[in-house]
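Containing compact mmCIF, C-alpha atoms and all ligand atoms: run_23.txt.
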# COMPACT_ATOMS: atom_id res chain seq x y z
CA MET B 1 -11.64 24.69 -11.21
CA LYS B 2 -10.68 24.56 -14.91
CA GLN B 3 -10.79 20.97 -16.17
CA GLU B 4 -11.21 21.34 -19.94
CA ARG B 5 -7.91 19.66 -20.86
CA SER B 6 -8.38 16.80 -18.38
CA GLN B 7 -11.89 16.25 -19.71
CA ALA B 8 -10.67 16.19 -23.32
CA LEU B 9 -7.84 13.79 -22.47
CA PHE B 10 -10.19 11.59 -20.45
CA GLU B 11 -12.63 11.36 -23.39
CA GLU B 12 -9.73 10.30 -25.60
CA ALA B 13 -8.49 7.86 -22.94
CA LEU B 14 -11.95 6.27 -22.71
CA ARG B 15 -11.56 5.25 -26.35
CA LEU B 16 -8.09 3.83 -25.81
CA LEU B 17 -8.00 2.33 -22.31
CA PRO B 18 -10.61 0.37 -20.31
CA GLY B 19 -12.30 3.01 -18.14
CA GLY B 20 -9.79 5.52 -19.50
CA VAL B 21 -7.14 4.43 -17.01
CA ASN B 22 -4.32 1.96 -16.50
CA SER B 23 -5.42 1.18 -12.96
CA PRO B 24 -9.07 1.19 -11.86
CA VAL B 25 -8.92 3.32 -8.71
CA ARG B 26 -7.57 6.28 -10.74
CA ALA B 27 -10.89 6.60 -12.58
CA PHE B 28 -12.54 8.43 -9.64
CA GLY B 29 -15.28 5.77 -9.61
CA ALA B 30 -15.55 5.96 -5.82
CA VAL B 31 -15.83 9.75 -5.69
CA GLY B 32 -17.32 10.75 -9.05
CA GLY B 33 -16.16 13.41 -11.44
CA THR B 34 -13.43 13.46 -14.07
CA PRO B 35 -9.99 12.18 -13.13
CA LEU B 36 -7.39 14.93 -13.41
CA PHE B 37 -4.49 14.32 -15.78
CA ILE B 38 -1.26 15.27 -14.06
CA ASP B 39 1.30 17.24 -16.07
CA HIS B 40 4.18 17.31 -13.57
CA ALA B 41 5.00 17.18 -9.88
CA ASP B 42 7.70 18.51 -7.60
CA GLY B 43 8.20 18.00 -3.89
CA ALA B 44 4.77 17.91 -2.22
CA THR B 45 2.87 19.42 -5.14
CA MET B 46 1.33 18.15 -8.35
CA VAL B 47 0.17 20.30 -11.29
CA ASP B 48 -2.53 19.04 -13.66
CA VAL B 49 -2.80 19.68 -17.40
CA ASP B 50 -5.12 22.65 -16.77
CA GLY B 51 -2.53 24.30 -14.55
CA ASN B 52 -4.27 23.53 -11.24
CA THR B 53 -1.79 23.02 -8.38
CA PHE B 54 -2.38 20.59 -5.52
CA ILE B 55 -0.70 19.60 -2.28
CA ASP B 56 -0.32 15.87 -2.89
CA PHE B 57 -1.37 13.53 -0.06
CA LEU B 58 -1.60 10.54 -2.44
CA GLY B 59 2.11 10.24 -3.20
CA SER B 60 1.41 7.84 -6.09
CA TRP B 61 -0.21 5.41 -3.55
CA GLY B 62 2.97 5.21 -1.46
CA PRO B 63 6.25 5.30 -3.44
CA MET B 64 6.91 9.05 -3.12
CA ILE B 65 8.16 9.10 0.50
CA LEU B 66 10.77 11.73 -0.44
CA GLY B 67 8.30 13.81 -2.45
CA HIS B 68 8.23 14.15 -6.22
CA ALA B 69 11.32 14.70 -8.40
CA HIS B 70 13.79 14.55 -5.53
CA PRO B 71 17.09 15.77 -7.06
CA ASP B 72 19.07 12.76 -5.83
CA VAL B 73 16.58 10.32 -7.37
CA THR B 74 16.39 12.30 -10.61
CA ALA B 75 20.20 12.40 -10.81
CA ALA B 76 20.44 8.65 -10.16
CA ILE B 77 17.99 7.87 -12.97
CA THR B 78 19.48 10.29 -15.49
CA GLY B 79 22.96 9.02 -14.63
CA ALA B 80 21.86 5.42 -15.20
CA VAL B 81 19.87 6.07 -18.41
CA ALA B 82 22.98 7.41 -20.18
CA GLY B 83 24.41 3.89 -19.93
CA GLY B 84 21.38 2.13 -21.40
CA THR B 85 17.95 1.17 -20.10
CA SER B 86 17.98 -2.64 -19.89
CA PHE B 87 20.45 -5.43 -20.54
CA GLY B 88 18.67 -8.66 -19.60
CA ALA B 89 21.83 -9.59 -17.78
CA PRO B 90 22.96 -9.08 -14.15
CA GLY B 91 24.10 -5.60 -13.11
CA GLU B 92 25.87 -4.37 -9.99
CA LEU B 93 22.97 -2.13 -8.99
CA GLU B 94 20.86 -5.24 -8.37
CA ASN B 95 23.34 -6.26 -5.68
CA ARG B 96 23.34 -2.77 -4.25
CA LEU B 97 19.55 -2.51 -3.84
CA ALA B 98 19.27 -6.08 -2.55
CA GLN B 99 21.93 -5.31 0.07
CA LEU B 100 20.19 -2.08 1.12
CA ILE B 101 16.91 -3.97 1.66
CA ILE B 102 18.50 -6.96 3.43
CA ASP B 103 20.58 -4.73 5.70
CA ARG B 104 17.43 -3.00 6.91
CA VAL B 105 15.18 -6.01 7.53
CA PRO B 106 16.52 -8.66 9.96
CA ALA B 107 14.13 -11.35 8.66
CA LEU B 108 15.72 -11.16 5.19
CA GLU B 109 18.73 -13.18 4.12
CA MET B 110 17.90 -13.14 0.38
CA VAL B 111 15.52 -11.25 -1.91
CA ARG B 112 14.38 -11.55 -5.52
CA MET B 113 13.56 -8.38 -7.50
CA VAL B 114 10.41 -8.23 -9.62
CA ASN B 115 8.50 -5.39 -11.31
CA SER B 116 5.47 -4.77 -9.11
CA GLY B 117 3.94 -5.51 -5.75
CA THR B 118 1.57 -7.95 -7.43
CA GLU B 119 4.47 -9.94 -8.84
CA ALA B 120 6.08 -9.96 -5.40
CA THR B 121 3.00 -11.32 -3.61
CA MET B 122 2.09 -13.80 -6.36
CA SER B 123 5.64 -15.14 -6.27
CA ALA B 124 5.77 -15.29 -2.47
CA ILE B 125 2.61 -17.42 -2.39
CA ARG B 126 3.90 -19.72 -5.13
CA LEU B 127 7.14 -20.07 -3.15
CA ALA B 128 5.25 -20.84 0.06
CA ARG B 129 3.24 -23.50 -1.77
CA GLY B 130 6.40 -24.97 -3.31
CA TYR B 131 8.28 -24.90 0.00
CA THR B 132 5.51 -26.48 2.11
CA GLY B 133 3.95 -28.74 -0.54
CA ARG B 134 0.56 -27.36 0.53
CA ASP B 135 -2.05 -25.40 -1.47
CA LYS B 136 -4.27 -23.36 0.88
CA VAL B 137 -3.65 -19.65 1.59
CA ILE B 138 -5.26 -17.57 4.34
CA LYS B 139 -5.87 -13.89 3.67
CA PHE B 140 -7.98 -11.23 5.39
CA GLU B 141 -11.16 -9.52 4.27
CA GLY B 142 -10.30 -5.98 3.29
CA CYS B 143 -6.62 -6.64 2.68
CA TYR B 144 -5.35 -6.21 -0.88
CA HIS B 145 -2.24 -7.90 -2.18
CA GLY B 146 -2.38 -6.99 -5.87
CA HIS B 147 -4.39 -8.65 -8.61
CA GLY B 148 -3.07 -12.24 -8.44
CA ASP B 149 -5.86 -14.83 -8.81
CA SER B 150 -5.36 -16.15 -5.27
CA PHE B 151 -6.03 -12.72 -3.82
CA LEU B 152 -9.12 -11.57 -5.78
CA ILE B 153 -11.28 -13.52 -3.39
CA LYS B 154 -14.17 -12.66 -1.09
CA ALA B 155 -15.68 -14.66 1.72
CA GLY B 156 -17.99 -17.35 0.47
CA SER B 157 -21.12 -18.38 2.31
CA GLY B 158 -19.41 -21.57 3.46
CA ALA B 159 -19.04 -22.18 7.19
CA LEU B 160 -15.28 -22.16 6.80
CA THR B 161 -15.27 -18.93 4.80
CA THR B 162 -13.86 -20.70 1.76
CA GLY B 163 -13.16 -18.06 -0.83
CA VAL B 164 -15.17 -17.28 -3.93
CA PRO B 165 -13.88 -15.07 -6.77
CA SER B 166 -14.27 -11.31 -6.29
CA SER B 167 -13.35 -10.85 -9.95
CA ALA B 168 -14.52 -12.43 -13.19
CA GLY B 169 -11.87 -14.67 -14.67
CA VAL B 170 -10.70 -16.21 -11.40
CA PRO B 171 -11.36 -19.97 -11.54
CA ALA B 172 -13.51 -21.33 -8.70
CA ALA B 173 -10.86 -24.00 -8.18
CA VAL B 174 -8.26 -21.31 -7.47
CA ALA B 175 -10.63 -19.35 -5.24
CA GLY B 176 -11.35 -22.50 -3.26
CA GLU B 177 -7.70 -22.62 -2.20
CA THR B 178 -7.99 -19.25 -0.46
CA LEU B 179 -9.51 -19.03 3.02
CA LEU B 180 -10.81 -15.74 4.44
CA ALA B 181 -10.26 -14.52 8.00
CA ARG B 182 -11.17 -11.26 9.73
CA PHE B 183 -8.51 -8.62 10.39
CA ASN B 184 -7.68 -8.16 14.08
CA ASP B 185 -9.79 -11.23 14.92
CA LEU B 186 -7.46 -14.05 16.01
CA ASP B 187 -10.38 -16.42 16.67
CA SER B 188 -11.32 -16.32 12.99
CA VAL B 189 -7.78 -17.41 12.12
CA GLN B 190 -7.68 -20.07 14.83
CA ALA B 191 -10.89 -21.61 13.43
CA LEU B 192 -9.37 -21.91 9.96
CA PHE B 193 -6.18 -23.50 11.25
CA GLN B 194 -8.12 -25.91 13.46
CA ALA B 195 -10.20 -27.04 10.49
CA GLN B 196 -7.59 -27.06 7.73
CA GLY B 197 -4.23 -26.20 9.30
CA SER B 198 -2.41 -29.14 7.73
CA GLU B 199 -3.29 -27.81 4.26
CA VAL B 200 -2.27 -24.18 4.77
CA ALA B 201 0.89 -23.13 2.92
CA ALA B 202 0.83 -19.50 3.99
CA LEU B 203 -1.04 -16.75 5.75
CA ILE B 204 -0.57 -13.35 4.11
CA ILE B 205 -1.37 -10.05 5.78
CA GLU B 206 -0.79 -6.33 5.45
CA PRO B 207 0.63 -5.73 8.97
CA VAL B 208 -0.77 -2.23 8.70
CA ALA B 209 -3.70 -2.45 6.34
CA GLY B 210 -3.76 0.33 3.76
CA ASN B 211 -6.35 -0.98 1.33
CA MET B 212 -9.43 -0.65 3.49
CA GLY B 213 -8.13 2.66 4.69
CA CYS B 214 -5.29 2.67 7.22
CA ILE B 215 -5.92 0.08 9.95
CA PRO B 216 -3.01 -1.10 12.13
CA ALA B 217 -2.98 -4.73 13.25
CA GLY B 218 -2.97 -5.21 17.02
CA ALA B 219 0.43 -6.29 18.35
CA ALA B 220 -1.12 -9.28 20.17
CA PHE B 221 -2.99 -10.22 16.98
CA LEU B 222 0.23 -10.26 14.95
CA ALA B 223 2.01 -12.22 17.69
CA GLY B 224 -0.87 -14.72 17.62
CA LEU B 225 -0.52 -15.11 13.86
CA ARG B 226 3.18 -15.88 14.30
CA GLU B 227 2.37 -18.57 16.86
CA LEU B 228 -0.39 -20.16 14.78
CA CYS B 229 1.75 -20.29 11.63
CA THR B 230 4.65 -21.84 13.52
CA GLN B 231 2.37 -24.33 15.24
CA HIS B 232 0.77 -25.49 11.96
CA GLY B 233 3.86 -25.33 9.73
CA ALA B 234 2.49 -22.52 7.55
CA LEU B 235 4.62 -19.60 6.36
CA LEU B 236 3.76 -16.15 7.74
CA VAL B 237 3.95 -13.65 4.87
CA PHE B 238 4.03 -9.91 5.61
CA ASP B 239 2.88 -7.96 2.59
CA GLU B 240 4.96 -4.83 3.10
CA VAL B 241 4.47 -3.44 -0.40
CA MET B 242 2.92 -0.36 1.21
CA THR B 243 4.36 -0.46 4.75
CA GLY B 244 7.91 -1.40 3.78
CA PHE B 245 10.21 1.50 4.75
CA ARG B 246 7.04 3.62 5.10
CA VAL B 247 5.98 3.09 8.72
CA HIS B 248 9.46 2.36 10.13
CA PRO B 249 13.06 2.10 8.88
CA GLN B 250 12.65 -1.70 9.03
CA GLY B 251 9.05 -1.74 7.79
CA ALA B 252 6.08 -2.81 9.87
CA GLN B 253 7.99 -5.89 11.07
CA GLY B 254 10.46 -3.49 12.69
CA LEU B 255 7.65 -1.43 14.19
CA TYR B 256 6.00 -4.52 15.71
CA GLY B 257 9.13 -6.59 16.39
CA SER B 258 7.60 -9.46 14.38
CA THR B 259 9.53 -11.98 12.26
CA PRO B 260 7.63 -13.20 9.20
CA ASP B 261 8.95 -16.09 7.11
CA LEU B 262 8.56 -14.16 3.85
CA SER B 263 8.13 -10.44 3.17
CA THR B 264 7.05 -8.60 0.05
CA PHE B 265 7.99 -5.07 -0.94
CA GLY B 266 7.25 -2.52 -3.67
CA LYS B 267 6.47 1.18 -4.05
CA ILE B 268 9.20 2.94 -1.99
CA ILE B 269 11.97 0.50 -3.03
CA GLY B 270 11.53 1.69 -6.62
CA GLY B 271 11.35 5.41 -5.81
CA GLY B 272 8.50 5.72 -8.33
CA LEU B 273 9.88 3.28 -10.91
CA PRO B 274 8.43 -0.23 -11.29
CA VAL B 275 10.03 -2.42 -8.63
CA GLY B 276 8.79 -5.17 -6.33
CA ALA B 277 10.69 -7.69 -4.25
CA TYR B 278 10.09 -10.75 -2.10
CA GLY B 279 12.50 -12.27 0.37
CA GLY B 280 13.09 -14.27 3.50
CA ARG B 281 15.37 -16.86 5.03
CA ARG B 282 18.01 -18.35 2.73
CA GLU B 283 16.67 -21.91 3.11
CA ILE B 284 13.30 -20.77 1.75
CA MET B 285 14.62 -18.45 -0.97
CA GLN B 286 16.94 -21.16 -2.30
CA GLN B 287 13.78 -22.91 -3.50
CA VAL B 288 13.42 -20.22 -6.21
CA ALA B 289 14.63 -20.88 -9.79
CA PRO B 290 17.22 -21.29 -11.11
CA VAL B 291 18.59 -22.83 -7.91
CA GLY B 292 15.31 -24.37 -6.75
CA PRO B 293 12.12 -25.82 -8.24
CA VAL B 294 9.82 -22.77 -7.78
CA TYR B 295 9.81 -20.92 -11.09
CA GLN B 296 9.61 -17.13 -11.34
CA ALA B 297 11.14 -14.79 -13.94
CA GLY B 298 10.92 -11.32 -15.51
CA THR B 299 12.47 -9.54 -18.48
CA LEU B 300 12.88 -6.23 -16.67
CA SER B 301 13.42 -7.53 -13.14
CA GLY B 302 16.40 -5.68 -11.64
CA ASN B 303 16.19 -3.02 -14.34
CA PRO B 304 19.15 -0.62 -13.96
CA LEU B 305 17.03 2.57 -13.91
CA ALA B 306 14.64 1.15 -11.31
CA MET B 307 17.52 -0.12 -9.20
CA ALA B 308 19.21 3.29 -9.36
CA ALA B 309 15.99 5.04 -8.27
CA GLY B 310 15.45 2.53 -5.46
CA CYS B 311 19.01 2.85 -4.16
CA ALA B 312 18.83 6.66 -4.19
CA THR B 313 15.47 6.60 -2.39
CA LEU B 314 16.43 4.13 0.34
CA ALA B 315 19.71 5.99 0.92
CA LEU B 316 17.63 9.00 1.98
CA CYS B 317 15.22 6.99 4.17
CA ASP B 318 17.21 7.81 7.29
CA GLY B 319 16.48 8.75 10.89
CA ASN B 320 15.97 12.41 10.06
CA LEU B 321 13.32 11.58 7.48
CA TYR B 322 11.35 9.29 9.80
CA ALA B 323 11.56 11.83 12.62
CA LYS B 324 10.21 14.54 10.31
CA LEU B 325 7.43 12.27 8.99
CA GLU B 326 6.38 11.35 12.54
CA ALA B 327 6.30 15.01 13.61
CA LEU B 328 4.17 15.97 10.60
CA GLY B 329 1.91 12.97 11.13
CA ARG B 330 1.47 13.83 14.80
CA ARG B 331 0.61 17.45 13.91
CA LEU B 332 -2.04 16.21 11.48
CA GLU B 333 -3.49 13.66 13.91
CA ASP B 334 -3.61 16.15 16.79
CA GLY B 335 -5.39 18.60 14.52
CA VAL B 336 -7.97 16.08 13.35
CA ARG B 337 -8.62 14.86 16.90
CA LYS B 338 -9.15 18.46 18.01
CA ILE B 339 -11.74 18.83 15.24
CA ILE B 340 -13.39 15.57 16.33
CA ARG B 341 -13.50 16.76 19.94
CA ARG B 342 -15.29 19.92 18.80
CA GLY B 343 -18.06 17.55 17.70
CA ALA B 344 -17.86 18.76 14.13
CA GLY B 345 -19.39 15.60 12.75
CA GLU B 346 -18.96 11.86 12.61
CA LEU B 347 -15.26 11.43 11.95
CA SER B 348 -12.54 8.94 12.87
CA MET B 349 -8.85 8.69 12.05
CA ASN B 350 -6.11 6.05 11.98
CA ARG B 351 -2.45 6.88 11.48
CA VAL B 352 0.78 4.93 11.53
CA GLY B 353 3.74 7.24 10.91
CA SER B 354 3.19 9.00 7.58
CA MET B 355 0.32 6.74 6.46
CA PHE B 356 -3.21 7.74 7.48
CA THR B 357 -6.91 7.71 6.71
CA ILE B 358 -9.67 10.07 7.82
CA PHE B 359 -12.81 7.92 8.05
CA PHE B 360 -16.30 9.39 7.74
CA THR B 361 -17.83 7.40 10.56
CA GLY B 362 -18.33 8.00 14.27
CA ARG B 363 -16.86 4.58 15.14
CA ASP B 364 -13.28 3.58 15.83
CA VAL B 365 -12.08 1.66 12.77
CA ALA B 366 -10.30 -1.57 13.70
CA GLY B 367 -11.51 -3.89 10.95
CA TYR B 368 -13.35 -4.39 7.70
CA ALA B 369 -16.84 -4.30 9.26
CA ASP B 370 -16.10 -0.84 10.72
CA VAL B 371 -14.98 0.44 7.34
CA LEU B 372 -18.19 -0.75 5.70
CA GLY B 373 -20.05 1.57 8.07
CA CYS B 374 -18.36 4.68 6.61
CA ASP B 375 -20.41 7.27 4.72
CA THR B 376 -18.67 7.04 1.35
CA ASP B 377 -20.91 9.70 -0.21
CA ARG B 378 -19.77 12.15 2.48
CA PHE B 379 -16.17 11.15 1.79
CA GLY B 380 -16.76 11.85 -1.92
CA ARG B 381 -18.06 15.32 -1.13
CA PHE B 382 -15.04 15.97 1.09
CA PHE B 383 -12.67 14.69 -1.62
CA HIS B 384 -14.03 17.20 -4.16
CA HIS B 385 -14.20 20.02 -1.60
CA ALA B 386 -10.52 19.42 -0.90
CA LEU B 387 -9.67 19.18 -4.60
CA GLU B 388 -11.31 22.56 -5.23
CA LYS B 389 -9.15 23.96 -2.39
CA GLY B 390 -5.93 22.55 -3.89
CA ILE B 391 -5.63 19.38 -1.82
CA TYR B 392 -5.27 16.01 -3.64
CA LEU B 393 -6.33 13.03 -1.46
CA PRO B 394 -6.68 9.35 -2.47
CA PRO B 395 -9.96 9.16 -4.47
CA SER B 396 -11.53 6.53 -2.19
CA GLN B 397 -12.50 6.18 1.46
CA PHE B 398 -10.92 2.73 1.38
CA GLU B 399 -7.37 3.93 0.73
CA ALA B 400 -4.48 5.31 2.76
CA ALA B 401 -3.04 8.79 2.32
CA PHE B 402 0.65 9.59 2.67
CA LEU B 403 3.03 12.31 3.81
CA SER B 404 6.51 12.83 2.39
CA GLY B 405 9.77 14.48 3.36
CA ALA B 406 8.75 17.37 1.10
CA HIS B 407 5.61 18.20 3.12
CA THR B 408 5.69 21.07 5.60
CA GLU B 409 3.72 22.10 8.67
CA ASP B 410 1.94 24.62 6.45
CA HIS B 411 0.77 21.81 4.14
CA ILE B 412 -0.62 19.97 7.17
CA ASP B 413 -2.36 23.11 8.42
CA GLN B 414 -3.92 23.67 4.98
CA LEU B 415 -5.39 20.14 5.04
CA LEU B 416 -6.74 20.72 8.55
CA ALA B 417 -8.28 24.04 7.50
CA VAL B 418 -9.95 22.43 4.48
CA LEU B 419 -11.38 19.64 6.66
CA ALA B 420 -12.71 22.11 9.23
CA ASP B 421 -14.21 24.25 6.45
CA PHE B 422 -15.91 21.23 4.91
CA LEU B 423 -17.43 20.11 8.22
CA LYS B 424 -18.61 23.66 8.96
CA GLY B 425 -20.25 23.76 5.55
CA GLU B 426 -22.15 20.57 6.36
CA HIS B 427 -24.20 22.27 9.05
P1 LIG B 501 1.23 -3.21 -7.40
O1 LIG B 501 1.06 -4.43 -8.24
O2 LIG B 501 0.09 -2.21 -7.61
O3 LIG B 501 2.60 -2.56 -7.51
O4 LIG B 501 1.16 -3.66 -5.86
C1 LIG B 501 0.02 -4.40 -5.43
C2 LIG B 501 -0.12 -4.24 -3.93
C3 LIG B 501 0.28 -5.27 -3.11
N1 LIG B 501 0.20 -5.16 -1.76
C4 LIG B 501 -0.26 -4.04 -1.18
C5 LIG B 501 -0.34 -3.96 0.32
C6 LIG B 501 -0.68 -2.94 -1.98
O5 LIG B 501 -1.15 -1.82 -1.38
C7 LIG B 501 -0.60 -3.04 -3.38
C8 LIG B 501 -1.08 -1.92 -4.30
N2 LIG B 501 -1.70 -0.81 -3.66
C9 LIG B 501 -2.66 -0.08 -4.47
C10 LIG B 501 -3.22 1.03 -3.58
N3 LIG B 501 -4.32 0.61 -2.82
C11 LIG B 501 -2.07 0.45 -5.72
C12 LIG B 501 -2.93 1.46 -6.45
C13 LIG B 501 -3.56 0.88 -7.68
O6 LIG B 501 -4.02 -0.28 -7.65
O7 LIG B 501 -3.61 1.63 -8.68
Would you write out, as structure tokens, the structure that this file holds?
Amino acid sequence: MKQERSQALFEEALRLLPGGVNSPVRAFGAVGGTPLFIDHADGATMVDVDGNTFIDFLGSWGPMILGHAHPDVTAAITGAVAGGTSFGAPGELENRLAQLIIDRVPALEMVRMVNSGTEATMSAIRLARGYTGRDKVIKFEGCYHGHGDSFLIKAGSGALTTGVPSSAGVPAAVAGETLLARFNDLDSVQALFQAQGSEVAALIIEPVAGNMGCIPAGAAFLAGLRELCTQHGALLVFDEVMTGFRVHPQGAQGLYGSTPDLSTFGKIIGGGLPVGAYGGRREIMQQVAPVGPVYQAGTLSGNPLAMAAGCATLALCDGNLYAKLEALGRRLEDGVRKIIRRGAGELSMNRVGSMFTIFFTGRDVAGYADVLGCDTDRFGRFFHHALEKGIYLPPSQFEAAFLSGAHTEDHIDQLLAVLADFLKGEH
């Protein structure tokens, strides 16, 4: 595969940007090789600067549920841009997108728009702390909620899994306010609440994890989290930045029938433009400035172009789209399971709707410990085998892949053929 232009641009980028990228996972560190510079994309395909065409199963890490350059989204943005790009004052489109989100998620009475998923989760935790007057936060090993200090935490050696920084620059004092539990392990949560429940402001979870690969939470586990949070007066926060309007018209909370106290969103609600949001019951959200004491702000929050793209995207997230995504996802999963049954090699798969991960392990993957058993070198070889065959997957075993309304059965069959070919080549 020709890569001269990507290589030249990457060498230039290495002089300009840390690691040559504006977000670490794009640097191909987990799979090796030179990251491809994308020139343009349309529907389910992306074309790089060397003219290589790929079926895109990354979908920009989740936002592109309609596929790239959907004409309605493009028209909404170009229509809005003619009227100016930012005013720093309220605009009607902010009401429109807020209403679209609130109408779809029963647990929401109010939302606040921000510019990224990280801003949404950071703000939701600050709000939970302000609302409860408590400082501790419980999160789960393997879940990612953006790069806020309270989330860049790994389990410490302490008996109560008090957090320690997983990144330089995170103060130990901040890390000490984060407690770590194990995904799909209610006992690990119960132990934390029993020991420090009166200090816990919030428990935050990806209801379908996407950042250790795709791992759905068990329904009983989520129900148990709801009970524990209610019992101890902590807020239950669903981080739906990835799952929101991805796995169900009402997000994962609709899929599971759960009712979190706060929810965070991103990705799809911006249709590819920078948008995040957090929301919940009115009595909680009224604690947010300027009406309440919890401060949060942003120059470009509610930006008219981003609002236009989000409104156009959500308007098309209808029953037909979710039915199509489920049919395509089922076709893919059936195909992978058939390959697994043929005993082609140690392989596992999780899928929720149009979000999935193929794991290179022989074990079922229900939590972080299972993921750590994956053969990441084998995944790297598969990633590059697929790339050579015109298939663009997330460049890490610990990520979720996505389908869009622009994918077809033929795209699914091409991915299945590439997987089967790779496994055959291993023997
Ligand atoms: P952003 O700040 O990247 O918009 O959102 C942070 C975030 C919050 N919560 C969840 C559940 C998320 O998945 C994310 C971001 N997801 C990653 C993909 N693993 C974005 C890709 C990247 O970091 O470049």
| request: Could the residues that lie within 10 Å of ligand LIG 501 (chain B), counting all atoms listed in the file, be listed as a PyMOL selection string? | output: chain B and resi 21-27+58+60-63+114-122+143-148+151+205-213+238-244+264-267+270+273-276+394+396+398-401
| message | Set the distance at 8 Å and use only C-alpha atoms: which residues neighbour B:Gln7 once local chain neighbours fewer than 3 positions away are removed? I'd like the list as number ranges by chain. | response | B: 3-4, 10-11, 34-36
Serialized selection, C-alpha atoms, as a PDB file, keeping the file's coordinate frame:
ATOM      1  CA  GLN B   3     -10.790  20.970 -16.170  1.00  0.00           C
ATOM      2  CA  GLU B   4     -11.210  21.340 -19.940  1.00  0.00           C
ATOM      3  CA  PHE B  10     -10.190  11.590 -20.450  1.00  0.00           C
ATOM      4  CA  GLU B  11     -12.630  11.360 -23.390  1.00  0.00           C
ATOM      5  CA  THR B  34     -13.430  13.460 -14.070  1.00  0.00           C
ATOM      6  CA  PRO B  35      -9.990  12.180 -13.130  1.00  0.00           C
ATOM      7  CA  LEU B  36      -7.390  14.930 -13.410  1.00  0.00           C
TER       8      LEU B  36
END
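With all atoms listed in the file as the atoms that count, the residue of B:His68, B:Arg126, B:Arg351, B:Arg96 with the shortest distance to B:Leu332 is B:Arg351.
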| Distance criterion (all atoms listed in the file): nearest to B:Asp72 out of B:Ala107, B:Ala312, B:Ile55, B:Leu203 | B:Ala312
| request: Rank nothing, just name the residue among B:Ala369, B:Asp149, B:Glu109, B:Leu328 nearest to B:Ser123, using all atoms listed in the file. | output: B:Asp149
| query | Quick one, how far is atom CA of B:Glu141 from atom CA of B:Ala155? | reply |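 Separating atom CA of B:Glu141 from atom CA of B:Ala155 is a distance of 7.3 Å.
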| task | Measure the distance from atom CA of B:Glu12 to atom CA of B:Ala30 in Å and round it to one decimal. | result | 21.1 Å
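With atom CA of B:Glu94 on one side and atom CA of B:Gly319 on the other, the separation reads 24.2 Å.
Here the selection is built from all atoms listed in the file, and the residues within 10 Å of (15.0, -20.2, 0.6) turn out to be Glu109, Met110, Val111, Leu127, Ala128, Tyr131, Asp261, Leu262, Gly279, Gly280, Arg281, Arg282, Glu283, Ile284, Met285, Gln286, Gln287, Val288, Val291 and Gly292 of chain B.
Of the listed residues (B:Cys317, B:Val73, B:Val49, B:Leu179), B:Leu179 comes nearest to B:Lys154; the distances count only C-alpha atoms.
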| message | With all atoms listed in the file as the counted atoms, please give the residues lying no more than 12 Å from B:Gly257, apart from itself and same-chain residues fewer than 6 positions off, as a VMD selection string. | response | chain B and resid 105 to 107 207 219 to 220 222 to 223 226 248 250 to 251
| said: When you count all atoms listed in the file, which of these residues is closest to B:Pro90: B:Pro71, B:Gly345, B:Gly20, B:Gly302? | reply: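 Ranking B:Pro71, B:Gly345, B:Gly20, B:Gly302 by distance to B:Pro90, first place goes to B:Gly302.
Shortest atom-to-atom contact with B:Met46 among B:Gly380, B:Gly310, B:Gly19, B:Gly390: B:Gly390, counting all atoms listed in the file.
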| request: Might you pull out every residue within 9 Å of B:Ala76, with all atoms listed in the file counted and same-chain residues fewer than 5 positions away left off, and present them as a list in words? | output: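 These residues fall inside the cut-off: Pro71, Val81, Leu305, Ala308, Ala309, Cys311 and Ala312 of chain B.
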